[in-house]
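One file, entry-v2.txt, is given below (compact mmCIF, C-alpha atoms).
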# COMPACT_ATOMS: atom_id res chain seq x y z
CA MET A 1 34.53 2.72 -21.95
CA ASP A 2 35.71 4.62 -18.93
CA ALA A 3 32.11 4.98 -17.68
CA ILE A 4 32.28 1.34 -16.64
CA GLY A 5 35.46 1.92 -14.69
CA GLN A 6 33.78 4.55 -12.51
CA GLY A 7 31.21 2.12 -11.15
CA PRO A 8 27.44 2.22 -11.64
CA GLN A 9 26.12 5.56 -12.90
CA LEU A 10 22.82 7.13 -11.95
CA SER A 11 21.43 6.38 -15.40
CA TRP A 12 22.05 2.65 -14.91
CA TYR A 13 19.83 2.63 -11.85
CA LEU A 14 17.17 4.65 -13.67
CA ALA A 15 17.26 2.23 -16.61
CA LEU A 16 16.94 -0.77 -14.28
CA SER A 17 14.03 0.87 -12.52
CA ALA A 18 12.30 1.60 -15.82
CA ILE A 19 12.74 -2.00 -16.96
CA LEU A 20 11.25 -3.34 -13.72
CA PHE A 21 8.34 -0.88 -13.98
CA THR A 22 7.66 -1.96 -17.58
CA ILE A 23 7.66 -5.62 -16.57
CA GLY A 24 5.15 -4.74 -13.84
CA VAL A 25 2.88 -2.89 -16.30
CA VAL A 26 2.96 -5.80 -18.75
CA GLY A 27 2.23 -8.21 -15.91
CA VAL A 28 -0.80 -6.28 -14.71
CA ILE A 29 -2.20 -6.24 -18.24
CA ILE A 30 -1.60 -9.86 -19.27
CA LYS A 31 -2.04 -11.74 -15.98
CA ARG A 32 -5.53 -13.05 -15.22
CA ASN A 33 -5.02 -14.07 -11.59
CA VAL A 34 -5.89 -11.35 -9.07
CA ILE A 35 -3.03 -12.24 -6.72
CA ALA A 36 -0.51 -12.22 -9.58
CA MET A 37 -1.77 -8.78 -10.69
CA PHE A 38 -1.44 -7.60 -7.10
CA MET A 39 2.19 -8.76 -7.00
CA CYS A 40 2.92 -6.96 -10.27
CA ILE A 41 1.63 -3.74 -8.65
CA GLU A 42 4.07 -4.32 -5.79
CA LEU A 43 6.82 -4.72 -8.38
CA MET A 44 5.94 -1.33 -9.91
CA LEU A 45 6.01 0.33 -6.47
CA ASN A 46 9.46 -1.14 -5.91
CA ALA A 47 10.73 0.12 -9.25
CA VAL A 48 9.71 3.65 -8.27
CA ASN A 49 11.35 3.20 -4.87
CA LEU A 50 14.62 2.34 -6.62
CA THR A 51 14.42 5.62 -8.55
CA PHE A 52 13.87 7.55 -5.32
CA VAL A 53 16.79 5.91 -3.54
CA ALA A 54 19.11 6.33 -6.53
CA PHE A 55 18.37 10.07 -6.85
CA SER A 56 18.59 10.48 -3.08
CA SER A 57 22.03 8.94 -2.79
CA PHE A 58 23.49 10.51 -5.93
CA PHE A 59 22.30 14.01 -4.98
CA ARG A 60 22.94 13.46 -1.26
CA ASP A 61 19.45 14.54 -0.21
CA VAL A 62 17.62 12.44 2.36
CA THR A 63 14.13 13.45 1.15
CA GLY A 64 14.00 10.67 -1.43
CA GLN A 65 14.56 8.03 1.19
CA LEU A 66 11.83 9.51 3.39
CA PHE A 67 9.48 9.20 0.43
CA VAL A 68 10.50 5.56 0.06
CA PHE A 69 9.61 5.04 3.71
CA ILE A 70 6.13 6.49 3.12
CA VAL A 71 5.66 4.51 -0.10
CA MET A 72 6.47 1.32 1.83
CA THR A 73 3.81 2.19 4.41
CA VAL A 74 1.27 2.79 1.64
CA ALA A 75 2.25 -0.54 0.10
CA ALA A 76 1.68 -2.29 3.42
CA ALA A 77 -1.75 -0.66 3.76
CA GLU A 78 -2.53 -1.58 0.14
CA ALA A 79 -1.52 -5.18 0.82
CA ALA A 80 -3.83 -5.45 3.81
CA VAL A 81 -6.86 -3.93 2.05
CA GLY A 82 -6.12 -5.62 -1.30
CA LEU A 83 -5.84 -9.07 0.19
CA GLY A 84 -9.07 -8.44 2.14
CA ILE A 85 -10.80 -7.63 -1.16
CA ILE A 86 -9.29 -10.74 -2.77
CA ILE A 87 -10.63 -12.94 0.05
CA ALA A 88 -14.07 -11.32 -0.32
CA ILE A 89 -14.04 -11.96 -4.10
CA PHE A 90 -13.04 -15.58 -3.59
CA ARG A 91 -15.77 -16.09 -0.99
CA ASN A 92 -18.45 -14.77 -3.34
CA ARG A 93 -17.31 -16.31 -6.62
CA GLU A 94 -15.05 -19.28 -5.79
CA THR A 95 -12.52 -18.04 -8.33
CA LEU A 96 -9.64 -15.62 -8.58
CA ASP A 97 -9.79 -15.17 -12.35
CA VAL A 98 -10.54 -11.53 -13.21
CA ASP A 99 -12.44 -12.59 -16.34
CA ASP A 100 -15.00 -14.32 -14.10
CA ALA A 101 -15.35 -11.20 -11.98
CA SER A 102 -15.86 -8.71 -14.79
CA VAL A 103 -19.20 -7.42 -13.49
CA LEU A 104 -19.67 -6.03 -10.02
CA LYS A 105 -23.01 -7.72 -9.28
CA LEU A 106 -23.17 -11.45 -8.62
CA MET B 1 35.24 -2.52 -10.85
CA LEU B 2 33.93 -4.84 -8.15
CA ILE B 3 30.93 -2.60 -7.53
CA THR B 4 30.11 -2.68 -11.25
CA PHE B 5 30.19 -6.46 -11.10
CA PHE B 6 27.82 -6.47 -8.14
CA PHE B 7 25.49 -3.98 -9.83
CA ILE B 8 25.27 -6.18 -12.92
CA LEU B 9 24.78 -9.27 -10.77
CA PHE B 10 21.93 -7.86 -8.70
CA ALA B 11 20.32 -5.97 -11.58
CA GLY B 12 20.32 -9.18 -13.62
CA LEU B 13 18.88 -11.07 -10.69
CA ALA B 14 16.13 -8.47 -10.25
CA ILE B 15 15.18 -8.48 -13.93
CA GLY B 16 15.30 -12.28 -14.11
CA CYS B 17 13.09 -12.67 -11.06
CA ALA B 18 10.67 -10.03 -12.40
CA VAL B 19 10.38 -11.87 -15.73
CA ALA B 20 9.83 -15.13 -13.84
CA LEU B 21 7.12 -13.40 -11.78
CA VAL B 22 5.18 -12.55 -14.93
CA ALA B 23 5.92 -15.81 -16.74
CA GLN B 24 4.93 -18.20 -13.92
CA ARG B 25 1.41 -19.62 -13.94
CA ASN B 26 1.47 -20.79 -10.32
CA PRO B 27 0.96 -17.79 -7.98
CA LEU B 28 3.16 -19.35 -5.29
CA TYR B 29 6.17 -19.46 -7.63
CA SER B 30 5.38 -15.88 -8.64
CA ALA B 31 5.47 -14.90 -4.96
CA ILE B 32 8.87 -16.54 -4.50
CA SER B 33 10.21 -14.71 -7.60
CA LEU B 34 8.91 -11.46 -6.14
CA ILE B 35 10.84 -12.14 -2.93
CA GLY B 36 13.93 -12.56 -5.14
CA VAL B 37 13.27 -9.12 -6.68
CA PHE B 38 12.89 -7.58 -3.21
CA LEU B 39 16.13 -9.10 -1.94
CA SER B 40 18.18 -8.03 -4.96
CA LEU B 41 16.70 -4.51 -4.74
CA SER B 42 17.70 -4.48 -1.08
CA SER B 43 21.29 -5.29 -2.08
CA LEU B 44 21.17 -2.44 -4.61
CA TYR B 45 20.00 -0.08 -1.84
CA LEU B 46 23.03 -1.15 0.21
CA MET B 47 25.27 -0.33 -2.76
CA LEU B 48 23.57 3.09 -2.95
CA SER B 49 24.62 3.62 0.70
CA ALA B 50 21.07 3.48 2.04
CA PRO B 51 21.36 0.81 4.76
CA PHE B 52 18.17 1.81 6.58
CA ILE B 53 16.00 1.49 3.48
CA ALA B 54 17.70 -1.81 2.66
CA ALA B 55 16.85 -3.21 6.08
CA VAL B 56 13.26 -1.93 5.94
CA GLN B 57 12.92 -3.41 2.45
CA VAL B 58 13.78 -6.87 3.77
CA ILE B 59 11.71 -6.55 6.95
CA VAL B 60 8.56 -4.93 5.53
CA TYR B 61 8.42 -6.22 1.95
CA ALA B 62 10.12 -9.61 2.03
CA GLY B 63 9.01 -10.19 5.61
CA ALA B 64 5.57 -8.77 6.28
CA ILE B 65 3.88 -8.17 2.91
CA MET B 66 5.06 -11.37 1.24
CA VAL B 67 4.13 -13.47 4.28
CA LEU B 68 0.62 -12.00 3.97
CA VAL B 69 0.50 -12.77 0.22
CA VAL B 70 1.80 -16.33 0.63
CA PHE B 71 -0.64 -16.84 3.52
CA VAL B 72 -3.57 -15.79 1.33
CA ILE B 73 -2.38 -18.03 -1.53
CA MET B 74 -2.23 -20.98 0.86
CA LEU B 75 -5.56 -20.08 2.52
CA LEU B 76 -7.45 -19.87 -0.76
CA ASN B 77 -5.64 -22.94 -2.15
CA VAL B 78 -5.01 -21.19 -5.48
CA THR B 79 -4.27 -23.48 -8.40
CA ALA B 80 -2.18 -22.62 -11.43
CA GLU B 81 -3.71 -20.25 -13.95
CA ARG B 82 -5.63 -22.12 -16.61
CA ARG B 83 -4.61 -21.48 -20.18
CA ARG B 84 -7.70 -20.28 -21.96
CA ARG B 85 -8.84 -17.66 -24.39
CA GLN B 86 -8.75 -14.20 -22.89
CA ARG B 87 -12.05 -12.39 -22.68
CA LEU B 88 -10.38 -9.22 -23.97
CA ALA B 89 -8.20 -10.32 -26.86
CA PHE B 90 -6.59 -6.93 -27.40
CA LEU B 91 -4.80 -6.99 -24.04
CA ALA B 92 -1.64 -8.80 -25.15
CA PRO B 93 -0.90 -6.44 -28.09
CA LEU B 94 -1.77 -3.52 -25.82
CA ALA B 95 0.79 -4.74 -23.28
CA ALA B 96 3.46 -5.04 -25.98
CA LEU B 97 2.64 -1.54 -27.25
CA LEU B 98 2.79 -0.02 -23.76
CA ALA B 99 6.09 -1.75 -23.04
CA ALA B 100 7.54 -0.47 -26.32
CA ILE B 101 6.40 3.08 -25.54
CA LEU B 102 7.83 2.98 -22.01
CA ILE B 103 11.19 1.56 -23.08
CA GLY B 104 11.36 4.05 -25.95
CA GLU B 105 10.71 6.92 -23.56
CA VAL B 106 13.45 5.69 -21.25
CA ILE B 107 15.99 5.38 -24.06
CA PHE B 108 15.09 8.89 -25.25
CA ILE B 109 15.42 10.37 -21.77
CA LEU B 110 18.69 8.60 -20.99
CA ASN B 111 20.13 9.88 -24.27
CA ALA B 112 18.78 13.41 -23.95
CA VAL B 113 19.54 14.03 -20.29
CA SER B 114 22.92 13.26 -18.83
CA VAL B 115 22.75 13.50 -15.06
CA ASN B 116 25.80 11.85 -13.65
CA PRO B 117 26.76 13.54 -10.42
CA PRO B 118 29.86 12.20 -8.70
CA VAL B 119 29.37 9.52 -6.07
CA VAL B 120 30.41 10.84 -2.68
CA SER B 121 30.05 8.94 0.55
CA SER B 122 27.92 10.90 2.98
CA GLU B 123 25.75 10.63 6.07
CA VAL B 124 22.53 10.57 4.00
CA GLY B 125 21.12 7.02 4.13
CA LEU B 126 21.93 6.43 7.75
CA THR B 127 19.19 5.89 10.28
CA THR B 128 20.03 9.12 12.12
CA SER B 129 19.49 11.41 9.16
CA ILE B 130 16.29 9.60 8.16
CA GLY B 131 14.94 9.87 11.70
CA VAL B 132 15.77 13.56 11.95
CA GLY B 133 14.10 14.25 8.61
CA LEU B 134 11.05 12.18 9.49
CA PHE B 135 10.40 13.84 12.83
CA THR B 136 11.21 17.45 11.98
CA LYS B 137 10.56 18.59 8.43
CA TYR B 138 8.27 15.74 7.37
CA LEU B 139 6.36 15.22 10.61
CA LEU B 140 2.95 15.89 9.05
CA PRO B 141 3.29 13.29 6.26
CA PHE B 142 4.50 10.85 8.90
CA GLU B 143 1.39 11.40 11.02
CA ILE B 144 -0.88 11.16 7.98
CA THR B 145 0.78 7.84 7.18
CA SER B 146 -0.13 6.53 10.62
CA ILE B 147 -3.77 7.54 10.08
CA LEU B 148 -3.63 5.72 6.72
CA LEU B 149 -2.41 2.58 8.47
CA LEU B 150 -5.26 2.80 10.97
CA MET B 151 -7.76 3.16 8.14
CA ALA B 152 -6.24 0.16 6.36
CA LEU B 153 -6.50 -1.87 9.55
CA VAL B 154 -10.21 -1.10 9.98
CA GLY B 155 -10.87 -1.48 6.25
CA ALA B 156 -9.20 -4.88 6.01
CA MET B 157 -11.16 -6.22 8.97
CA THR B 158 -14.42 -4.85 7.54
CA LEU B 159 -13.76 -6.33 4.09
CA ALA B 160 -12.67 -9.77 5.21
CA ARG B 161 -15.39 -10.49 7.76
CA ARG B 162 -18.22 -12.81 6.81
CA THR B 163 -21.23 -10.89 8.21
CA PRO B 164 -21.67 -7.28 7.09
CA ILE B 165 -20.39 -4.86 9.70
CA LEU B 166 -23.70 -2.98 9.99
CA ALA B 167 -25.63 -6.17 10.76
CA ALA B 168 -23.09 -7.07 13.43
CA VAL B 169 -23.41 -3.63 15.02
CA GLY B 170 -27.22 -3.91 14.88
CA ARG B 171 -27.11 -7.28 16.63
CA LEU B 172 -24.78 -5.90 19.27
CA SER B 173 -27.09 -2.99 20.07
CA ALA B 174 -30.10 -5.35 20.07
CA ASP B 175 -28.31 -7.54 22.61
CA ALA B 176 -27.52 -4.49 24.71
CA SER B 177 -31.16 -3.32 24.74
CA SER B 178 -32.44 -6.81 25.57
CA ASP B 179 -30.04 -6.94 28.51
CA MET B 180 -31.43 -3.78 30.05
CA PRO B 181 -34.95 -4.97 31.05
CA GLU B 182 -33.39 -8.07 32.62
CA ALA B 183 -31.30 -5.90 34.90
CA GLU B 184 -34.41 -3.96 35.91
CA VAL B 185 -36.27 -7.16 36.77
CA LYS B 186 -33.51 -8.23 39.11
CA GLU B 187 -33.79 -5.04 41.04
Written as structure tokens, how would this file's structure read?
Amino acid sequence: MDAIGQGPQLSWYLALSAILFTIGVVGVIIKRNVIAMFMCIELMLNAVNLTFVAFSSFFRDVTGQLFVFIVMTVAAAEAAVGLGIIIAIFRNRETLDVDDASVLKL
Amino acid sequence: MLITFFFILFAGLAIGCAVALVAQRNPLYSAISLIGVFLSLSSLYLMLSAPFIAAVQVIVYAGAIMVLVVFVIMLLNVTAERRRRQRLAFLAPLAALLAAILIGEVIFILNAVSVNPPVVSSEVGLTTSIGVGLFTKYLLPFEITSILLLMALVGAMTLARRTPILAAVGRLSADASSDMPEAEVKE
């Protein structure tokens, strides 16, 4: 195949990103630990970032990379607030299993 | 040819680490796998000629966010996930179904749409062009992002503190009002 000789194509990056996003979705659904679910969400954010950067560099438009910058900031904010919530859950219930925290009231 | 080899290497590393992240029961090992994903994605960004994003990926994700996650795992002394019956038994088939749908969509799109523009080296991923874009055309989103960070800062402190914030404020104002008569007595 001469497609391989030309180096990685845009579609390869998109396929990789989709695979990573799918792994993240599956992880959020099947994991029971709050921190593990949180990390799967980070994985999904990163998969989308890869799409942005791939489009940005193949179409030579810097906008995609600016979006990645903003997504990273949102991820940092999400990490701070999310981990605060996780600490609050652990303090109230002594567990991080989502099945034990299925109702909001104690 | 070399760049194809590196793409396959880092893409394989990213997928392998992502699978390990989901398969691990110990959250600490999951965190280390996630750092592997971040580092291999950073290498892919370098191959896409986006050096600024690659550096920020390592600094912000692998540096700041993962340090926070590992710190919380250590602080809470999280043990490995116990193997037990799930409360919602339909979740595993649902996950398989969703994964099948997503992968099917991707295969359909990659077959139906062929976007393969030529790779040309350009000035786009450099720090200069990102800075110019960020401070001219996209200044408003940039400022909104800083407000978001401020809100996250306040929110995280409010959520993680032991006493409710309103009670603490009430105590503070009570202290302030009890100080006032004392000052009058001295006079």
- With a distance cut-off of 12 Å and only C-alpha atoms, select the neighbouring residues of Val72 (chain B), excluding the residue or stretch itself and same-chain residues fewer than 4 positions from it, and output the selection as number ranges by chain. A: 34-36, 38, 79-80, 82-88, 90, 96; B: 27-28, 31, 65-68, 76-78, 160
- Message: If we count all atoms listed in the file and set the cut-off at 12 Å, which residues sit around region 131-145 of chain B, ignoring sequence neighbours fewer than 3 positions away in its own chain? Please answer as a count of residues only.
- Response: 30
- Task: Measure the distance from CA of Gly36 (chain B) to CA of Ile19 (chain A) in Å and round it to one decimal.
- Result: 15.9 Å
- Around the point (17.5, 2.6, -13.7), in the coordinates given by the file, pick out the residues reaching within 10 Å, counting only C-alpha atoms, and return them as a list of chain:residue names.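 Residues lying no farther than 10 Å from the given point: A:Gln9, A:Leu10, A:Ser11, A:Trp12, A:Tyr13, A:Leu14, A:Ala15, A:Leu16, A:Ser17, A:Ala18, A:Ile19, A:Leu20, A:Phe21, A:Ala47, A:Val48, A:Leu50, A:Thr51, A:Ala54, B:Ala11, B:Val106, B:Leu110.
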- Message: Using Å and a single decimal, report how far CA of Asp97 (chain A) sits from CA of Met37 (chain A).
- Response: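 Those two atoms sit 10.4 Å apart.
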- CA of Ala96 (chain B) and CA of Ile23 (chain A) are how many Å apart? 10.3 Å
- Check the smallest atom-to-atom distance from each of B:Ile101, B:Ala92, B:Val70, B:Leu46 to chain A using all atoms listed in the file, then report the winner.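 Under the stated criterion, the closest residue is B:Ala92.
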